[in-house]
>>> print(open('final08.txt').read())   # compact mmCIF, N, CA and C atoms
# COMPACT_ATOMS: atom_id res chain seq x y z
N MET Q 1 32.29 11.88 10.50
CA MET Q 1 33.18 11.68 11.62
C MET Q 1 34.47 11.06 11.10
N SER Q 2 35.58 11.60 11.50
CA SER Q 2 36.88 11.09 11.09
C SER Q 2 37.27 9.87 11.92
N LEU Q 3 38.08 9.00 11.34
CA LEU Q 3 38.52 7.81 12.05
C LEU Q 3 39.85 7.99 12.75
N GLU Q 4 40.52 9.13 12.54
CA GLU Q 4 41.80 9.33 13.18
C GLU Q 4 41.62 9.66 14.66
N THR Q 5 42.67 9.41 15.42
CA THR Q 5 42.64 9.65 16.86
C THR Q 5 43.38 10.94 17.17
N LYS Q 6 42.77 11.78 17.95
CA LYS Q 6 43.37 13.04 18.38
C LYS Q 6 44.13 12.81 19.68
N ASN Q 7 45.33 13.35 19.80
CA ASN Q 7 46.13 13.23 21.01
C ASN Q 7 46.09 14.53 21.81
N LEU Q 8 45.78 14.42 23.09
CA LEU Q 8 45.80 15.55 24.01
C LEU Q 8 46.79 15.23 25.12
N ILE Q 9 47.36 16.26 25.72
CA ILE Q 9 48.31 16.09 26.82
C ILE Q 9 47.73 16.77 28.06
N CYS Q 10 47.82 16.08 29.18
CA CYS Q 10 47.29 16.61 30.44
C CYS Q 10 48.42 16.67 31.46
N SER Q 11 48.47 17.76 32.21
CA SER Q 11 49.44 17.88 33.30
C SER Q 11 48.68 18.02 34.62
N SER Q 12 49.42 18.06 35.70
CA SER Q 12 48.77 18.18 37.02
C SER Q 12 48.13 19.55 37.22
N THR Q 13 48.50 20.54 36.40
CA THR Q 13 47.92 21.88 36.52
C THR Q 13 46.84 22.16 35.48
N THR Q 14 46.50 21.16 34.67
CA THR Q 14 45.46 21.32 33.66
C THR Q 14 44.11 21.52 34.34
N ASN Q 15 43.34 22.49 33.85
CA ASN Q 15 41.99 22.72 34.35
C ASN Q 15 41.09 21.61 33.78
N PRO Q 16 40.50 20.75 34.63
CA PRO Q 16 39.71 19.63 34.12
C PRO Q 16 38.45 20.06 33.36
N ARG Q 17 37.88 21.19 33.72
CA ARG Q 17 36.68 21.65 33.00
C ARG Q 17 37.04 22.09 31.58
N LYS Q 18 38.18 22.76 31.43
CA LYS Q 18 38.61 23.16 30.09
C LYS Q 18 39.00 21.95 29.25
N LEU Q 19 39.64 20.96 29.88
CA LEU Q 19 39.97 19.73 29.18
C LEU Q 19 38.70 18.99 28.77
N ALA Q 20 37.68 19.02 29.62
CA ALA Q 20 36.40 18.38 29.29
C ALA Q 20 35.77 19.02 28.05
N ILE Q 21 35.86 20.33 27.95
CA ILE Q 21 35.33 21.02 26.77
C ILE Q 21 36.09 20.59 25.52
N ALA Q 22 37.42 20.50 25.64
CA ALA Q 22 38.23 20.06 24.50
C ALA Q 22 37.90 18.62 24.11
N ILE Q 23 37.70 17.76 25.10
CA ILE Q 23 37.34 16.37 24.82
C ILE Q 23 36.01 16.29 24.09
N LYS Q 24 35.03 17.01 24.59
CA LYS Q 24 33.70 16.98 23.97
C LYS Q 24 33.74 17.47 22.54
N LYS Q 25 34.46 18.56 22.28
CA LYS Q 25 34.57 19.09 20.92
C LYS Q 25 35.27 18.10 19.99
N GLU Q 26 36.34 17.47 20.47
CA GLU Q 26 37.08 16.53 19.64
C GLU Q 26 36.29 15.26 19.39
N LEU Q 27 35.50 14.81 20.37
CA LEU Q 27 34.69 13.61 20.16
C LEU Q 27 33.59 13.83 19.13
N GLU Q 28 33.19 15.07 18.93
CA GLU Q 28 32.22 15.37 17.88
C GLU Q 28 32.84 15.21 16.50
N LYS Q 29 34.17 15.40 16.41
CA LYS Q 29 34.89 15.33 15.14
C LYS Q 29 35.50 13.96 14.87
N THR Q 30 36.03 13.31 15.91
CA THR Q 30 36.76 12.07 15.74
C THR Q 30 36.11 10.94 16.52
N LYS Q 31 36.56 9.73 16.25
CA LYS Q 31 35.99 8.55 16.90
C LYS Q 31 36.53 8.36 18.31
N SER Q 32 37.81 8.67 18.50
CA SER Q 32 38.41 8.50 19.82
C SER Q 32 39.51 9.52 20.05
N ILE Q 33 39.86 9.69 21.32
CA ILE Q 33 40.88 10.65 21.74
C ILE Q 33 41.84 9.91 22.66
N LYS Q 34 43.11 10.24 22.59
CA LYS Q 34 44.08 9.73 23.56
C LYS Q 34 44.58 10.90 24.39
N ILE Q 35 44.53 10.72 25.70
CA ILE Q 35 45.03 11.73 26.63
C ILE Q 35 46.26 11.15 27.31
N ASP Q 36 47.40 11.79 27.14
CA ASP Q 36 48.64 11.36 27.78
C ASP Q 36 48.83 12.12 29.07
N ALA Q 37 49.13 11.38 30.14
CA ALA Q 37 49.34 11.98 31.46
C ALA Q 37 50.55 11.33 32.13
N ILE Q 38 51.40 12.15 32.72
CA ILE Q 38 52.57 11.66 33.43
C ILE Q 38 52.44 12.09 34.89
N GLY Q 39 52.32 11.12 35.78
CA GLY Q 39 52.21 11.41 37.21
C GLY Q 39 50.78 11.31 37.72
N ALA Q 40 50.68 11.13 39.02
CA ALA Q 40 49.38 10.94 39.65
C ALA Q 40 48.47 12.16 39.51
N GLY Q 41 49.02 13.36 39.65
CA GLY Q 41 48.22 14.58 39.53
C GLY Q 41 47.65 14.76 38.14
N ALA Q 42 48.42 14.43 37.13
CA ALA Q 42 47.95 14.56 35.75
C ALA Q 42 46.86 13.54 35.44
N VAL Q 43 47.05 12.31 35.92
CA VAL Q 43 46.03 11.27 35.72
C VAL Q 43 44.74 11.68 36.43
N ASN Q 44 44.86 12.23 37.61
CA ASN Q 44 43.70 12.71 38.37
C ASN Q 44 42.92 13.76 37.58
N GLN Q 45 43.61 14.74 37.02
CA GLN Q 45 42.94 15.80 36.26
C GLN Q 45 42.27 15.23 35.00
N ALA Q 46 42.92 14.27 34.34
CA ALA Q 46 42.35 13.67 33.13
C ALA Q 46 41.07 12.90 33.46
N ILE Q 47 41.09 12.14 34.55
CA ILE Q 47 39.91 11.38 34.95
C ILE Q 47 38.76 12.32 35.33
N LYS Q 48 39.08 13.39 36.05
CA LYS Q 48 38.05 14.39 36.39
C LYS Q 48 37.41 14.96 35.12
N ALA Q 49 38.23 15.26 34.12
CA ALA Q 49 37.72 15.84 32.88
C ALA Q 49 36.75 14.88 32.19
N VAL Q 50 37.09 13.60 32.15
CA VAL Q 50 36.19 12.62 31.53
C VAL Q 50 34.90 12.50 32.33
N CYS Q 51 34.99 12.58 33.65
CA CYS Q 51 33.78 12.56 34.49
C CYS Q 51 32.89 13.76 34.18
N TYR Q 52 33.49 14.93 33.99
CA TYR Q 52 32.70 16.12 33.63
C TYR Q 52 32.00 15.93 32.29
N VAL Q 53 32.69 15.32 31.33
CA VAL Q 53 32.08 15.07 30.02
C VAL Q 53 30.88 14.15 30.19
N ASN Q 54 31.05 13.07 30.95
CA ASN Q 54 29.94 12.13 31.17
C ASN Q 54 28.78 12.78 31.89
N GLN Q 55 29.07 13.61 32.88
CA GLN Q 55 28.03 14.28 33.64
C GLN Q 55 27.20 15.17 32.72
N ARG Q 56 27.87 15.95 31.87
CA ARG Q 56 27.15 16.85 30.97
C ARG Q 56 26.35 16.08 29.92
N LYS Q 57 26.95 15.03 29.38
CA LYS Q 57 26.28 14.26 28.34
C LYS Q 57 25.02 13.58 28.87
N GLN Q 58 25.08 13.02 30.07
CA GLN Q 58 23.96 12.28 30.61
C GLN Q 58 22.88 13.19 31.19
N LEU Q 59 23.28 14.20 31.96
CA LEU Q 59 22.29 15.04 32.62
C LEU Q 59 21.61 16.01 31.68
N ILE Q 60 22.37 16.61 30.78
CA ILE Q 60 21.82 17.64 29.92
C ILE Q 60 21.26 17.08 28.63
N ASN Q 61 22.02 16.22 27.96
CA ASN Q 61 21.62 15.74 26.64
C ASN Q 61 20.99 14.36 26.66
N GLY Q 62 21.13 13.61 27.73
CA GLY Q 62 20.60 12.25 27.77
C GLY Q 62 21.35 11.30 26.86
N GLU Q 63 22.59 11.62 26.52
CA GLU Q 63 23.38 10.78 25.62
C GLU Q 63 24.09 9.67 26.39
N LEU Q 64 24.63 8.72 25.64
CA LEU Q 64 25.41 7.65 26.24
C LEU Q 64 26.74 8.18 26.77
N PRO Q 65 27.25 7.59 27.82
CA PRO Q 65 28.52 8.07 28.39
C PRO Q 65 29.72 7.71 27.52
N VAL Q 66 30.81 8.39 27.74
CA VAL Q 66 32.07 8.03 27.08
C VAL Q 66 32.77 7.00 27.96
N PHE Q 67 33.64 6.22 27.35
CA PHE Q 67 34.36 5.18 28.06
C PHE Q 67 35.85 5.44 28.00
N ILE Q 68 36.57 4.99 29.04
CA ILE Q 68 38.02 5.16 29.12
C ILE Q 68 38.68 3.79 29.02
N TYR Q 69 39.71 3.72 28.17
CA TYR Q 69 40.52 2.51 28.05
C TYR Q 69 41.96 2.90 28.38
N PRO Q 70 42.42 2.56 29.60
CA PRO Q 70 43.77 2.97 30.00
C PRO Q 70 44.85 2.08 29.38
N ASN Q 71 45.96 2.68 29.04
CA ASN Q 71 47.14 1.99 28.53
C ASN Q 71 48.36 2.61 29.18
N PHE Q 72 49.43 1.86 29.23
CA PHE Q 72 50.69 2.35 29.76
C PHE Q 72 51.76 2.20 28.69
N ARG Q 73 52.62 3.18 28.61
CA ARG Q 73 53.77 3.07 27.72
C ARG Q 73 54.97 3.71 28.40
N TYR Q 74 56.12 3.33 27.94
CA TYR Q 74 57.37 3.77 28.57
C TYR Q 74 58.22 4.50 27.53
N GLU Q 75 58.79 5.62 27.94
CA GLU Q 75 59.67 6.38 27.07
C GLU Q 75 60.99 6.62 27.78
N GLN Q 76 62.05 6.47 27.04
CA GLN Q 76 63.40 6.68 27.56
C GLN Q 76 63.65 8.18 27.68
N VAL Q 77 63.93 8.67 28.89
CA VAL Q 77 64.21 10.08 29.12
C VAL Q 77 65.71 10.33 29.03
N SER Q 78 66.48 9.47 29.65
CA SER Q 78 67.94 9.55 29.58
C SER Q 78 68.48 8.12 29.50
N ASN Q 79 69.78 7.98 29.55
CA ASN Q 79 70.38 6.65 29.44
C ASN Q 79 69.95 5.71 30.56
N ASP Q 80 69.73 6.25 31.75
CA ASP Q 80 69.40 5.39 32.89
C ASP Q 80 68.00 5.63 33.46
N HIS Q 81 67.18 6.38 32.76
CA HIS Q 81 65.85 6.69 33.31
C HIS Q 81 64.76 6.48 32.26
N CYS Q 82 63.74 5.75 32.65
CA CYS Q 82 62.60 5.50 31.78
C CYS Q 82 61.36 6.09 32.47
N GLN Q 83 60.49 6.71 31.69
CA GLN Q 83 59.32 7.38 32.27
C GLN Q 83 58.04 6.64 31.84
N THR Q 84 57.13 6.43 32.78
CA THR Q 84 55.87 5.76 32.49
C THR Q 84 54.83 6.82 32.13
N ILE Q 85 54.16 6.61 31.02
CA ILE Q 85 53.10 7.51 30.57
C ILE Q 85 51.79 6.75 30.58
N VAL Q 86 50.78 7.31 31.25
CA VAL Q 86 49.45 6.73 31.23
C VAL Q 86 48.72 7.36 30.05
N SER Q 87 48.29 6.53 29.14
CA SER Q 87 47.57 7.00 27.97
C SER Q 87 46.14 6.52 28.07
N LEU Q 88 45.22 7.47 28.20
CA LEU Q 88 43.81 7.15 28.33
C LEU Q 88 43.12 7.33 26.98
N GLU Q 89 42.58 6.24 26.45
CA GLU Q 89 41.82 6.35 25.21
C GLU Q 89 40.37 6.58 25.58
N VAL Q 90 39.79 7.63 25.04
CA VAL Q 90 38.42 8.01 25.35
C VAL Q 90 37.59 7.81 24.09
N ARG Q 91 36.51 7.05 24.22
CA ARG Q 91 35.60 6.80 23.08
C ARG Q 91 34.18 7.13 23.49
>>> encode(input="final08.txt", output="C-alpha cells")
Amino acid sequence: MSLETKNLICSSTTNPRKLAIAIKKELEKTKSIKIDAIGAGAVNQAIKAVCYVNQRKQLINGELPVFIYPNFRYEQVSNDHCQTIVSLEVR
C-alpha cells in the first residue's frame, strides 16, 4: 500500500455511485484520498459516495467503515473573490 494521497474532484453533477467505485479502488492502493468539492451540491454528492462505500464494505464484505475528515481551504479566484473548497479526507 502506498503512503501517498490521491486527489479526486467532485462536482454537483458527479454520479455518487461511480465516485464510490473510484474511492474503493483508490483505497485499495493508497492510505487515504482527498475529495475536493465546491458548493453544497458537490459536497452532497461526495458524502453520498462515501456512504455507498461504507454500505458495500459493511454489508457485503464485513469490513471496517471508512472515515471522513473534513477540511476547508480558500483559493483566490480573482482580485476580489475568494472561493471556499471543502476537502474531505477519506481513510
>>> closest_residue(input="final08.txt", among="Q:Arg91, Q:Lys6, Q:Lys29, Q:Arg17", to="Cys51 (chain Q)", atoms="only C-alpha atoms")
Q:Arg17
>>> closest_residue(input="final08.txt", among="Q:Leu64, Q:Leu27, Q:Ala20, Q:Val77", to="Val50 (chain Q)", atoms="all atoms listed in the file")
Q:Ala20
>>> residues_around(input="final08.txt", residues="Thr14 (chain Q)", least_positions_apart="2", cutoff="8 Å", atoms="only N, CA and C atoms", output="list in words")
Ile9, Cys10, Ser11, Ser12, Pro16, Arg17, Lys18, Leu19, Gly41, Ala42, Gln45 and Ala46 of chain Q
>>> atom_distance(input="final08.txt", atom1="CA of Val86 (chain Q)", atom2="CA of Leu8 (chain Q)")
12.0 Å
>>> residues_around(input="final08.txt", residues="Asn71 (chain Q)", least_positions_apart="4", cutoff="12 Å", atoms="only C-alpha atoms", output="count of residues only")
12
>>> select_by_dssp(input="final08.txt", residues="chain Q", states="alpha helix (DSSP H)", output="PyMOL selection string")
chain Q and resi 16-29+40-56
>>> closest_residue(input="final08.txt", among="Q:Ile33, Q:Ala22, Q:Ile68, Q:Val53", to="Asn7 (chain Q)", atoms="all atoms listed in the file")
Q:Ile33
>>> atom_distance(input="final08.txt", atom1="CA of Lys24 (chain Q)", atom2="atom N of Glu4 (chain Q)")
15.5 Å
>>> closest_residue(input="final08.txt", among="Q:Asn79, Q:Phe67, Q:Lys25, Q:Thr13", to="Ala40 (chain Q)", atoms="only C-alpha atoms")
Q:Thr13
>>> select_by_dssp(input="final08.txt", residues="chain Q", states="strand (DSSP E)", output="ChimeraX atom specification")
/Q:2-10,30-37,68-78,81-90
>>> atom_distance(input="final08.txt", atom1="atom C of Phe72 (chain Q)", atom2="atom C of Arg56 (chain Q)")
29.0 Å
>>> build_atoms(input="final08.txt", residues="region 16-37 of chain Q", atoms="N, CA, C and O atoms", output="tab-separated table (two decimals), in the frame of the given file")
chain	number	residue	atom	x	y	z
Q	16	PRO	N	40.50	20.75	34.63
Q	16	PRO	CA	39.71	19.63	34.12
Q	16	PRO	C	38.45	20.06	33.36
Q	16	PRO	O	38.03	19.38	32.43
Q	17	ARG	N	37.88	21.19	33.72
Q	17	ARG	CA	36.68	21.65	33.00
Q	17	ARG	C	37.04	22.09	31.58
Q	17	ARG	O	36.30	21.83	30.64
Q	18	LYS	N	38.18	22.76	31.43
Q	18	LYS	CA	38.61	23.16	30.09
Q	18	LYS	C	39.00	21.95	29.25
Q	18	LYS	O	38.71	21.89	28.06
Q	19	LEU	N	39.64	20.96	29.88
Q	19	LEU	CA	39.97	19.73	29.18
Q	19	LEU	C	38.70	18.99	28.77
Q	19	LEU	O	38.63	18.43	27.67
Q	20	ALA	N	37.68	19.02	29.62
Q	20	ALA	CA	36.40	18.38	29.29
Q	20	ALA	C	35.77	19.02	28.05
Q	20	ALA	O	35.23	18.32	27.19
Q	21	ILE	N	35.86	20.33	27.95
Q	21	ILE	CA	35.33	21.02	26.77
Q	21	ILE	C	36.09	20.59	25.52
Q	21	ILE	O	35.48	20.32	24.48
Q	22	ALA	N	37.42	20.50	25.64
Q	22	ALA	CA	38.23	20.06	24.50
Q	22	ALA	C	37.90	18.62	24.11
Q	22	ALA	O	37.81	18.30	22.92
Q	23	ILE	N	37.70	17.76	25.10
Q	23	ILE	CA	37.34	16.37	24.82
Q	23	ILE	C	36.01	16.29	24.09
Q	23	ILE	O	35.87	15.59	23.09
Q	24	LYS	N	35.03	17.01	24.59
Q	24	LYS	CA	33.70	16.98	23.97
Q	24	LYS	C	33.74	17.47	22.54
Q	24	LYS	O	33.15	16.86	21.64
Q	25	LYS	N	34.46	18.56	22.28
Q	25	LYS	CA	34.57	19.09	20.92
Q	25	LYS	C	35.27	18.10	19.99
Q	25	LYS	O	34.86	17.93	18.85
Q	26	GLU	N	36.34	17.47	20.47
Q	26	GLU	CA	37.08	16.53	19.64
Q	26	GLU	C	36.29	15.26	19.39
Q	26	GLU	O	36.39	14.66	18.32
Q	27	LEU	N	35.50	14.81	20.37
Q	27	LEU	CA	34.69	13.61	20.16
Q	27	LEU	C	33.59	13.83	19.13
Q	27	LEU	O	33.10	12.87	18.53
Q	28	GLU	N	33.19	15.07	18.93
Q	28	GLU	CA	32.22	15.37	17.88
Q	28	GLU	C	32.84	15.21	16.50
Q	28	GLU	O	32.16	14.92	15.53
Q	29	LYS	N	34.17	15.40	16.41
Q	29	LYS	CA	34.89	15.33	15.14
Q	29	LYS	C	35.50	13.96	14.87
Q	29	LYS	O	35.54	13.52	13.73
Q	30	THR	N	36.03	13.31	15.91
Q	30	THR	CA	36.76	12.07	15.74
Q	30	THR	C	36.11	10.94	16.52
Q	30	THR	O	35.24	11.17	17.37
Q	31	LYS	N	36.56	9.73	16.25
Q	31	LYS	CA	35.99	8.55	16.90
Q	31	LYS	C	36.53	8.36	18.31
Q	31	LYS	O	35.81	7.94	19.20
Q	32	SER	N	37.81	8.67	18.50
Q	32	SER	CA	38.41	8.50	19.82
Q	32	SER	C	39.51	9.52	20.05
Q	32	SER	O	40.03	10.11	19.11
Q	33	ILE	N	39.86	9.69	21.32
Q	33	ILE	CA	40.88	10.65	21.74
Q	33	ILE	C	41.84	9.91	22.66
Q	33	ILE	O	41.41	9.06	23.45
Q	34	LYS	N	43.11	10.24	22.59
Q	34	LYS	CA	44.08	9.73	23.56
Q	34	LYS	C	44.58	10.90	24.39
Q	34	LYS	O	44.98	11.93	23.85
Q	35	ILE	N	44.53	10.72	25.70
Q	35	ILE	CA	45.03	11.73	26.63
Q	35	ILE	C	46.26	11.15	27.31
Q	35	ILE	O	46.17	10.12	27.98
Q	36	ASP	N	47.40	11.79	27.14
Q	36	ASP	CA	48.64	11.36	27.78
Q	36	ASP	C	48.83	12.12	29.07
Q	36	ASP	O	48.68	13.34	29.11
Q	37	ALA	N	49.13	11.38	30.14
Q	37	ALA	CA	49.34	11.98	31.46
Q	37	ALA	C	50.55	11.33	32.13
Q	37	ALA	O	50.69	10.11	32.10
